[in-house]
Amino acid sequence: MRTGMLYSYVKKHIIWLNCSLVQLFLHTFVADSYLGLMIKKVLIANRGEIAVRVIRSCREMGIRSVAVYSDADRRSLHVRYADEAYHIGPSPSRESYLNADKIIEVALKSGADAIHPGYGFLSENADFARKCAQSGITFIGPNPDAIDHMGDKITARQTMIAAGVPVVPGTQQKISDFDTVKRIVAEIGLPVMVKASAGGGGKGMRLVRKPEELISAVKMAQSEAMSAFGDDTVYIEKYVEAPHHIEFQILADKLGNTVHLFERECSIQRRHQKVVEETPSPFLTPELRETMGQAAVAAAKAVSYTGAGTIEFLVDGNRNFYFLEMNTRLQVEHPITERVTGIDLVKEQIRIASGLPISFRQDEISQHGHAVECRILAEDAFNNFMPSPGLIRHISEPNGLGIRTDGYAYEGYEIPIHYDPMISKLISWGRTREEAIDRMRRALFEYNITGVKTSIRFQKRIMEHPDFRKGNYNTHFIPDHFDELMSAKRTENPVFEDMAIIAAYYDFISKMEKVAMSDFTVTQGSMNWKTYGIKKNLQHI
Ligand code: MV4
């Protein structure tokens, strides 16, 4: 078996790398050592749908899985689905999913040789990655220095400029005094954005349109950054009007191979939360896709990146693109990339962490058809997107050709208040964009969740919106079309569920009244409901 694996591995490399004898010898050596090192048990330092998602790939690879859970997650599906599960603390994240020492302790106790961090929590925490290495545990993610490098946005900008990746015009150094601020803004012109170097994802950002607002905006951004990140370093960028948010998925292995898996169009956002994502982007031309893909690979190579990562770009109306930031983790929206490329990104992450090469070459993959994702959130879109955690009374998920759901909820599950409100991700695929959108609309129609309010109806409106259907949208889509997306439509009944409950209750009451008005008298000592039931049944005979 082992010789067989080694043989096929070496054979693949002779064909793939078409390399010199020296390289062949080196790879045979690596192959030999990775067979000994191969990850056999993975601890998933996360919860909910992404924990289930990671365990699925582990199971397919014959890798044992270890779940960890907080008080609130005792009944969570990831706990049931894993081979083993360990309690790690109280419900608040700080005391459970962010407790690095406790998680490493459980990894050692359970004999896990690797940790998959998922997204959020400890996934972009370089100190956690270092602690894993110090404990002899493989962190399934990039090396800690790359996390730090990309976590500091000013450093990341400098590195991208050096690597020839376009960045938004702006400051190259941290801001030291207000005269420099005024000079730079005079050069690039208003409007500008003041951003926290330790920020990202929209945190600690300020837009400045008027000259007199500049200095106070810088001061406010600095104090916000200090309280949010303990670091008041800020930088300034030219404001890109009405941009697209387009990101590229990349993979890099420890043998020096770096590839991209094309883009994801993520412009449908609300308050920096993505609501709908799709791939391919309806905005990119084949030429621009090619150029941006190469820029994404160059960006990853510039920091000797390994693992799965995402390069975020802003693209303006004239199709100029700019590096924005890099996310050094597996992202929520990764399934749409998996759907159009056919590549299992979690499997590739585990292969890379084991020292194996990426399982395909750049020229072996393409975008097949079109995929759309909706994040199904437990929130009331029609009441200011209020979070709606609580008991799921009923859930029936859509199915059929071209539909995938990544979730963890089930009937009787209570969505905890402690974590983010995502119930599941719904992914549709079609041969064309139109088919993928129509299929998503159909799947949203089939999706039934009662007990909590969800984002489903709002996303159905997006699928039906003429501008979305034309692919005519950017990051301003939701704010620009807010009233249309919110207004009541005659084609749908917004209170269908409530009406059904009222109708059932009315039916019950009227039947009870009929029984009460009849000449039947309740027998002493017998249960009323049973007697009524017998009487009702007899009436039908
Ligand atoms: C910008 C920008 C315009 N110009 N930077 C928001 C999230 C964070 N990652 C960066 N963001 C932006 N940075 C410059 N120089 C506009 C945004 C932005 C945005 C970006 C992506 C998706 C949605 C957005 C919504 C509002 C603003």
# chains A, B, ... in the order shown; residues from 1 in each chain; ligands from 1
$ residues_near_ligand --ligand "ligand 1" --cutoff "6 Å" --atoms "only C-alpha atoms and all ligand atoms" --output "VMD selection string"
chain A and resid 168 193 200 to 202 237 to 240 245 267 269 272 475
$ write_last_selection --atoms "N, CA, C and O atoms" --output "PDB file, in the first residue's frame"
ATOM      1  N   VAL A 168      -4.248  51.152  -4.244  1.00  0.00           N
ATOM      2  CA  VAL A 168      -4.918  52.439  -4.347  1.00  0.00           C
ATOM      3  C   VAL A 168      -3.888  53.533  -4.022  1.00  0.00           C
ATOM      4  O   VAL A 168      -3.130  53.393  -3.066  1.00  0.00           O
ATOM      5  N   MET A 193      -9.965  58.018   1.979  1.00  0.00           N
ATOM      6  CA  MET A 193     -10.366  57.186   3.120  1.00  0.00           C
ATOM      7  C   MET A 193      -9.215  57.105   4.097  1.00  0.00           C
ATOM      8  O   MET A 193      -8.066  56.907   3.696  1.00  0.00           O
ATOM      9  N   GLY A 200      -9.215  46.328   8.876  1.00  0.00           N
ATOM     10  CA  GLY A 200      -9.569  45.392   7.808  1.00  0.00           C
ATOM     11  C   GLY A 200     -11.037  45.078   7.886  1.00  0.00           C
ATOM     12  O   GLY A 200     -11.646  45.196   8.956  1.00  0.00           O
ATOM     13  N   GLY A 201     -11.605  44.691   6.735  1.00  0.00           N
ATOM     14  CA  GLY A 201     -13.024  44.339   6.690  1.00  0.00           C
ATOM     15  C   GLY A 201     -13.942  45.487   7.074  1.00  0.00           C
ATOM     16  O   GLY A 201     -15.060  45.253   7.513  1.00  0.00           O
ATOM     17  N   GLY A 202     -13.480  46.722   6.897  1.00  0.00           N
ATOM     18  CA  GLY A 202     -14.355  47.866   7.137  1.00  0.00           C
ATOM     19  C   GLY A 202     -14.265  48.457   8.532  1.00  0.00           C
ATOM     20  O   GLY A 202     -14.865  49.498   8.800  1.00  0.00           O
ATOM     21  N   GLU A 237      -5.906  56.545   1.779  1.00  0.00           N
ATOM     22  CA  GLU A 237      -6.034  56.079   0.395  1.00  0.00           C
ATOM     23  C   GLU A 237      -7.003  56.980  -0.348  1.00  0.00           C
ATOM     24  O   GLU A 237      -7.971  57.474   0.242  1.00  0.00           O
ATOM     25  N   LYS A 238      -6.799  57.165  -1.606  1.00  0.00           N
ATOM     26  CA  LYS A 238      -7.774  57.818  -2.480  1.00  0.00           C
ATOM     27  C   LYS A 238      -9.063  56.995  -2.420  1.00  0.00           C
ATOM     28  O   LYS A 238      -9.015  55.767  -2.433  1.00  0.00           O
ATOM     29  N   TYR A 239     -10.193  57.673  -2.324  1.00  0.00           N
ATOM     30  CA  TYR A 239     -11.476  56.962  -2.276  1.00  0.00           C
ATOM     31  C   TYR A 239     -11.871  56.505  -3.670  1.00  0.00           C
ATOM     32  O   TYR A 239     -11.930  57.314  -4.602  1.00  0.00           O
ATOM     33  N   VAL A 240     -12.110  55.221  -3.829  1.00  0.00           N
ATOM     34  CA  VAL A 240     -12.565  54.678  -5.105  1.00  0.00           C
ATOM     35  C   VAL A 240     -14.091  54.715  -5.090  1.00  0.00           C
ATOM     36  O   VAL A 240     -14.722  54.062  -4.243  1.00  0.00           O
ATOM     37  N   HIS A 245     -16.205  44.791  -5.265  1.00  0.00           N
ATOM     38  CA  HIS A 245     -15.311  43.990  -4.413  1.00  0.00           C
ATOM     39  C   HIS A 245     -15.155  42.641  -5.108  1.00  0.00           C
ATOM     40  O   HIS A 245     -16.106  41.856  -5.164  1.00  0.00           O
ATOM     41  N   SER A 267     -19.746  41.973  -4.224  1.00  0.00           N
ATOM     42  CA  SER A 267     -20.176  43.362  -4.054  1.00  0.00           C
ATOM     43  C   SER A 267     -21.523  43.514  -3.363  1.00  0.00           C
ATOM     44  O   SER A 267     -21.855  44.610  -2.921  1.00  0.00           O
ATOM     45  N   GLN A 269     -23.174  43.571  -0.461  1.00  0.00           N
ATOM     46  CA  GLN A 269     -22.882  43.591   0.964  1.00  0.00           C
ATOM     47  C   GLN A 269     -23.801  44.579   1.663  1.00  0.00           C
ATOM     48  O   GLN A 269     -24.299  45.514   1.062  1.00  0.00           O
ATOM     49  N   HIS A 272     -20.705  45.968   5.422  1.00  0.00           N
ATOM     50  CA  HIS A 272     -19.509  45.133   5.328  1.00  0.00           C
ATOM     51  C   HIS A 272     -19.765  43.655   5.602  1.00  0.00           C
ATOM     52  O   HIS A 272     -18.840  42.886   5.829  1.00  0.00           O
ATOM     53  N   THR A 475     -20.712  47.723  -5.172  1.00  0.00           N
ATOM     54  CA  THR A 475     -20.881  47.670  -3.705  1.00  0.00           C
ATOM     55  C   THR A 475     -22.008  48.563  -3.192  1.00  0.00           C
ATOM     56  O   THR A 475     -22.395  48.452  -2.035  1.00  0.00           O
TER      57      THR A 475
END
$ residues_around --residues "A:Ile427" --least-positions-apart "4" --cutoff "10 Å" --atoms "only C-alpha atoms" --output "list in words"
Val276, Glu277, Glu278, Glu333, Pro335, Ile336, Arg339, Ala371, Val372, Glu373, Cys374, Arg375, Gly402, Ile403, Arg404, Thr405, Asp406, Ala436, Arg439, Met440 and Ala443 of chain A
$ write_last_selection --atoms "C-alpha atoms" --output "compact mmCIF listing (two decimals), in the first residue's frame"
# COMPACT_ATOMS: atom_id res chain seq x y z
CA VAL A 276 -24.73 37.21 -1.90
CA GLU A 277 -21.55 36.09 -3.72
CA GLU A 278 -21.10 34.74 -7.25
CA GLU A 333 -17.77 31.95 0.45
CA PRO A 335 -17.91 26.83 -1.86
CA ILE A 336 -18.72 28.81 -5.01
CA ARG A 339 -18.43 24.45 -7.37
CA ALA A 371 -22.25 29.51 -8.95
CA VAL A 372 -24.13 31.78 -6.54
CA GLU A 373 -24.11 31.71 -2.74
CA CYS A 374 -26.60 33.18 -0.26
CA ARG A 375 -25.66 33.36 3.39
CA GLY A 402 -27.23 22.08 -8.72
CA ILE A 403 -28.00 22.81 -5.05
CA ARG A 404 -25.63 22.53 -2.06
CA THR A 405 -26.34 23.55 1.50
CA ASP A 406 -23.58 23.87 4.10
CA ALA A 436 -27.74 29.63 -11.47
CA ARG A 439 -32.09 27.88 -9.46
CA MET A 440 -31.14 29.95 -6.40
CA ALA A 443 -34.10 26.91 -3.78
$ select_by_dssp --residues "stretch 78-174 of chain A" --states "alpha helix (DSSP H)" --output "VMD selection string"
chain A and resid 78 to 81 100 to 110 126 to 134 144 to 151 153 to 162
$ write_last_selection --atoms "N, CA and C atoms" --output "CSV table (one decimal), in the first residue's frame"
chain,number,residue,atom,x,y,z
A,78,HIS,N,-21.8,19.9,14.8
A,78,HIS,CA,-20.4,19.5,14.6
A,78,HIS,C,-19.9,18.6,15.7
A,79,VAL,N,-20.5,18.7,16.9
A,79,VAL,CA,-20.2,17.8,18.0
A,79,VAL,C,-20.6,16.4,17.7
A,80,ARG,N,-21.7,16.2,17.1
A,80,ARG,CA,-22.2,14.9,16.8
A,80,ARG,C,-21.5,14.3,15.6
A,81,TYR,N,-21.1,15.1,14.7
A,81,TYR,CA,-20.6,14.6,13.4
A,81,TYR,C,-19.1,14.2,13.5
A,100,ALA,N,-6.8,29.8,23.2
A,100,ALA,CA,-5.7,29.1,22.5
A,100,ALA,C,-5.1,27.9,23.3
A,101,ASP,N,-4.8,28.2,24.6
A,101,ASP,CA,-4.1,27.2,25.4
A,101,ASP,C,-5.0,26.0,25.6
A,102,LYS,N,-6.2,26.3,25.9
A,102,LYS,CA,-7.2,25.2,26.1
A,102,LYS,C,-7.3,24.3,24.9
A,103,ILE,N,-7.4,24.9,23.7
A,103,ILE,CA,-7.6,24.2,22.5
A,103,ILE,C,-6.3,23.3,22.2
A,104,ILE,N,-5.1,23.9,22.4
A,104,ILE,CA,-3.9,23.1,22.2
A,104,ILE,C,-3.8,22.0,23.2
A,105,GLU,N,-4.2,22.2,24.5
A,105,GLU,CA,-4.3,21.2,25.5
A,105,GLU,C,-5.1,20.0,25.0
A,106,VAL,N,-6.3,20.3,24.5
A,106,VAL,CA,-7.2,19.2,24.0
A,106,VAL,C,-6.6,18.5,22.8
A,107,ALA,N,-5.9,19.3,21.9
A,107,ALA,CA,-5.3,18.6,20.8
A,107,ALA,C,-4.3,17.6,21.2
A,108,LEU,N,-3.5,18.0,22.2
A,108,LEU,CA,-2.4,17.1,22.7
A,108,LEU,C,-3.1,15.9,23.4
A,109,LYS,N,-4.1,16.1,24.2
A,109,LYS,CA,-4.7,15.1,24.9
A,109,LYS,C,-5.4,14.1,24.0
A,110,SER,N,-6.0,14.6,22.9
A,110,SER,CA,-6.7,13.7,22.0
A,110,SER,C,-5.8,13.0,21.0
A,126,ALA,N,-1.6,34.9,14.5
A,126,ALA,CA,-0.3,34.4,14.2
A,126,ALA,C,0.3,33.8,15.5
A,127,ASP,N,0.0,34.3,16.7
A,127,ASP,CA,0.5,33.8,17.9
A,127,ASP,C,-0.1,32.4,18.2
A,128,PHE,N,-1.3,32.2,17.8
A,128,PHE,CA,-1.9,30.8,17.9
A,128,PHE,C,-1.2,29.8,17.0
A,129,ALA,N,-0.9,30.3,15.7
A,129,ALA,CA,-0.2,29.4,14.8
A,129,ALA,C,1.2,29.1,15.3
A,130,ARG,N,1.9,30.0,16.0
A,130,ARG,CA,3.2,29.8,16.5
A,130,ARG,C,3.1,28.8,17.7
A,131,LYS,N,2.1,29.0,18.6
A,131,LYS,CA,1.9,28.1,19.7
A,131,LYS,C,1.7,26.6,19.2
A,132,CYS,N,0.9,26.5,18.1
A,132,CYS,CA,0.7,25.2,17.6
A,132,CYS,C,2.0,24.5,17.2
A,133,ALA,N,2.8,25.3,16.5
A,133,ALA,CA,4.1,24.8,16.0
A,133,ALA,C,5.0,24.4,17.3
A,134,GLN,N,5.0,25.3,18.3
A,134,GLN,CA,5.8,25.0,19.5
A,134,GLN,C,5.3,23.7,20.2
A,144,PRO,N,3.1,31.8,10.3
A,144,PRO,CA,2.7,32.9,11.1
A,144,PRO,C,3.2,34.2,10.6
A,145,ASP,N,4.4,34.2,10.0
A,145,ASP,CA,4.9,35.5,9.5
A,145,ASP,C,4.1,36.1,8.4
A,146,ALA,N,3.6,35.3,7.6
A,146,ALA,CA,2.7,35.8,6.5
A,146,ALA,C,1.4,36.3,7.1
A,147,ILE,N,0.9,35.7,8.1
A,147,ILE,CA,-0.3,36.2,8.8
A,147,ILE,C,-0.1,37.6,9.3
A,148,ASP,N,1.1,37.8,10.0
A,148,ASP,CA,1.5,39.1,10.6
A,148,ASP,C,1.6,40.1,9.5
A,149,HIS,N,2.4,39.7,8.4
A,149,HIS,CA,2.7,40.6,7.3
A,149,HIS,C,1.4,41.2,6.7
A,150,MET,N,0.4,40.3,6.4
A,150,MET,CA,-0.8,40.8,5.8
A,150,MET,C,-1.8,41.4,6.8
A,151,GLY,N,-1.6,41.1,8.1
A,151,GLY,CA,-2.4,41.7,9.1
A,151,GLY,C,-2.1,43.2,9.3
A,153,LYS,N,-1.7,46.4,7.5
A,153,LYS,CA,-2.1,46.9,6.1
A,153,LYS,C,-1.1,47.8,5.5
A,154,ILE,N,-0.4,48.6,6.2
A,154,ILE,CA,0.7,49.4,5.6
A,154,ILE,C,1.8,48.6,5.1
A,155,THR,N,2.3,47.6,5.9
A,155,THR,CA,3.3,46.7,5.4
A,155,THR,C,2.8,45.9,4.2
A,156,ALA,N,1.6,45.5,4.2
A,156,ALA,CA,1.1,44.7,3.0
A,156,ALA,C,1.1,45.6,1.8
A,157,ARG,N,0.7,46.9,1.9
A,157,ARG,CA,0.7,47.9,0.8
A,157,ARG,C,2.1,48.0,0.3
A,158,GLN,N,3.1,48.2,1.1
A,158,GLN,CA,4.5,48.4,0.7
A,158,GLN,C,5.0,47.2,-0.1
A,159,THR,N,4.6,46.0,0.5
A,159,THR,CA,5.1,44.7,-0.2
A,159,THR,C,4.5,44.6,-1.6
A,160,MET,N,3.2,45.0,-1.7
A,160,MET,CA,2.5,44.9,-3.0
A,160,MET,C,3.1,45.8,-4.0
A,161,ILE,N,3.4,47.1,-3.6
A,161,ILE,CA,4.0,48.0,-4.5
A,161,ILE,C,5.4,47.4,-5.0
A,162,ALA,N,6.2,46.9,-4.1
A,162,ALA,CA,7.4,46.3,-4.5
A,162,ALA,C,7.3,45.1,-5.4
$ closest_residue --among "A:Asp344, A:Asp316, A:Asp480, A:Glu124" --to "A:Ala242" --atoms "only C-alpha atoms"
A:Asp316
$ select_by_dssp --residues "stretch 41-260 of chain A" --states "strand (DSSP E or B)" --output "PyMOL selection string"
chain A and resi 41-44+64-70+84-89+114-116+138-139+167+170+192-200+203-208+234-238+244-252+258-260
$ closest_residue --among "A:Glu325, A:Ala196, A:Ala228, A:Pro92" --to "A:Val167" --atoms "only C-alpha atoms"
A:Glu325
$ residues_around --residues "A:His334" --least-positions-apart "6" --cutoff "12 Å" --atoms "only C-alpha atoms" --output "JSON, numbers by chain"
{"A": [50, 53, 54, 118, 119, 247, 248, 249, 250, 261, 262, 263, 264, 265, 266, 277, 278, 279, 308, 309, 310, 340, 341, 342, 343, 344, 345, 346, 371, 372, 373, 375, 406, 425, 426, 427]}
$ decode --residues "stretch 232-243 of chain A" --atoms "all heavy atoms" --output "short mmCIF file (atom, residue, chain, number, x, y, z; two decimals), in the first residue's frame"
data_model
loop_
_atom_site.label_atom_id
_atom_site.label_comp_id
_atom_site.auth_asym_id
_atom_site.auth_seq_id
_atom_site.Cartn_x
_atom_site.Cartn_y
_atom_site.Cartn_z
N ASP A 232 -2.75 52.87 17.10
CA ASP A 232 -3.42 54.01 16.45
C ASP A 232 -2.83 54.35 15.08
O ASP A 232 -3.07 55.43 14.54
CB ASP A 232 -3.44 55.24 17.37
CG ASP A 232 -2.05 55.83 17.58
OD1 ASP A 232 -1.06 55.22 17.10
OD2 ASP A 232 -1.94 56.88 18.23
N THR A 233 -2.07 53.41 14.50
CA THR A 233 -1.49 53.67 13.18
C THR A 233 -2.58 53.71 12.10
O THR A 233 -3.37 52.78 11.98
CB THR A 233 -0.47 52.57 12.82
OG1 THR A 233 0.39 52.36 13.93
CG2 THR A 233 0.34 52.95 11.59
N VAL A 234 -2.62 54.82 11.35
CA VAL A 234 -3.59 54.93 10.26
C VAL A 234 -2.86 55.30 8.96
O VAL A 234 -1.72 55.76 9.00
CB VAL A 234 -4.70 55.97 10.55
CG1 VAL A 234 -5.52 55.56 11.76
CG2 VAL A 234 -4.12 57.36 10.71
N TYR A 235 -3.52 55.07 7.83
CA TYR A 235 -2.98 55.47 6.53
C TYR A 235 -4.11 56.03 5.69
O TYR A 235 -5.29 55.91 6.06
CB TYR A 235 -2.27 54.30 5.84
CG TYR A 235 -3.14 53.12 5.50
CD1 TYR A 235 -3.53 52.86 4.18
CD2 TYR A 235 -3.58 52.25 6.49
CE1 TYR A 235 -4.33 51.77 3.86
CE2 TYR A 235 -4.38 51.16 6.18
CZ TYR A 235 -4.74 50.93 4.87
OH TYR A 235 -5.54 49.86 4.56
N ILE A 236 -3.73 56.66 4.58
CA ILE A 236 -4.73 57.33 3.74
C ILE A 236 -4.70 56.78 2.33
O ILE A 236 -3.63 56.53 1.76
CB ILE A 236 -4.48 58.86 3.74
CG1 ILE A 236 -4.81 59.41 5.14
CG2 ILE A 236 -5.33 59.58 2.68
CD1 ILE A 236 -4.53 60.89 5.30
N GLU A 237 -5.91 56.55 1.78
CA GLU A 237 -6.03 56.08 0.40
C GLU A 237 -7.00 56.98 -0.35
O GLU A 237 -7.97 57.47 0.24
CB GLU A 237 -6.63 54.66 0.37
CG GLU A 237 -5.65 53.55 0.57
CD GLU A 237 -6.34 52.19 0.50
OE1 GLU A 237 -7.56 52.10 0.22
OE2 GLU A 237 -5.64 51.20 0.73
N LYS A 238 -6.80 57.17 -1.61
CA LYS A 238 -7.77 57.82 -2.48
C LYS A 238 -9.06 56.99 -2.42
O LYS A 238 -9.01 55.77 -2.43
CB LYS A 238 -7.23 57.85 -3.91
CG LYS A 238 -8.19 58.37 -4.95
CD LYS A 238 -8.09 59.87 -5.07
CE LYS A 238 -9.13 60.40 -6.06
NZ LYS A 238 -9.30 61.86 -5.90
N TYR A 239 -10.19 57.67 -2.32
CA TYR A 239 -11.48 56.96 -2.28
C TYR A 239 -11.87 56.50 -3.67
O TYR A 239 -11.93 57.31 -4.60
CB TYR A 239 -12.55 57.87 -1.69
CG TYR A 239 -13.92 57.22 -1.58
CD1 TYR A 239 -14.12 56.10 -0.78
CD2 TYR A 239 -15.01 57.73 -2.29
CE1 TYR A 239 -15.36 55.50 -0.68
CE2 TYR A 239 -16.27 57.15 -2.19
CZ TYR A 239 -16.43 56.03 -1.38
OH TYR A 239 -17.67 55.45 -1.29
N VAL A 240 -12.11 55.22 -3.83
CA VAL A 240 -12.56 54.68 -5.11
C VAL A 240 -14.09 54.71 -5.09
O VAL A 240 -14.72 54.06 -4.24
CB VAL A 240 -12.05 53.23 -5.32
CG1 VAL A 240 -12.50 52.68 -6.65
CG2 VAL A 240 -10.52 53.18 -5.20
N GLU A 241 -14.69 55.47 -6.01
CA GLU A 241 -16.15 55.64 -6.02
C GLU A 241 -16.85 54.39 -6.54
O GLU A 241 -16.44 53.82 -7.55
CB GLU A 241 -16.55 56.83 -6.92
CG GLU A 241 -15.96 58.18 -6.50
CD GLU A 241 -16.78 58.90 -5.43
OE1 GLU A 241 -17.84 58.39 -5.02
OE2 GLU A 241 -16.33 59.99 -5.00
N ALA A 242 -17.89 53.99 -5.85
CA ALA A 242 -18.76 52.88 -6.26
C ALA A 242 -17.98 51.68 -6.81
O ALA A 242 -18.18 51.26 -7.93
CB ALA A 242 -19.78 53.36 -7.29
N PRO A 243 -17.06 51.12 -6.01
CA PRO A 243 -16.23 50.03 -6.54
C PRO A 243 -16.93 48.66 -6.50
O PRO A 243 -17.96 48.50 -5.84
CB PRO A 243 -15.04 50.02 -5.59
CG PRO A 243 -15.61 50.46 -4.27
CD PRO A 243 -16.73 51.43 -4.61
#
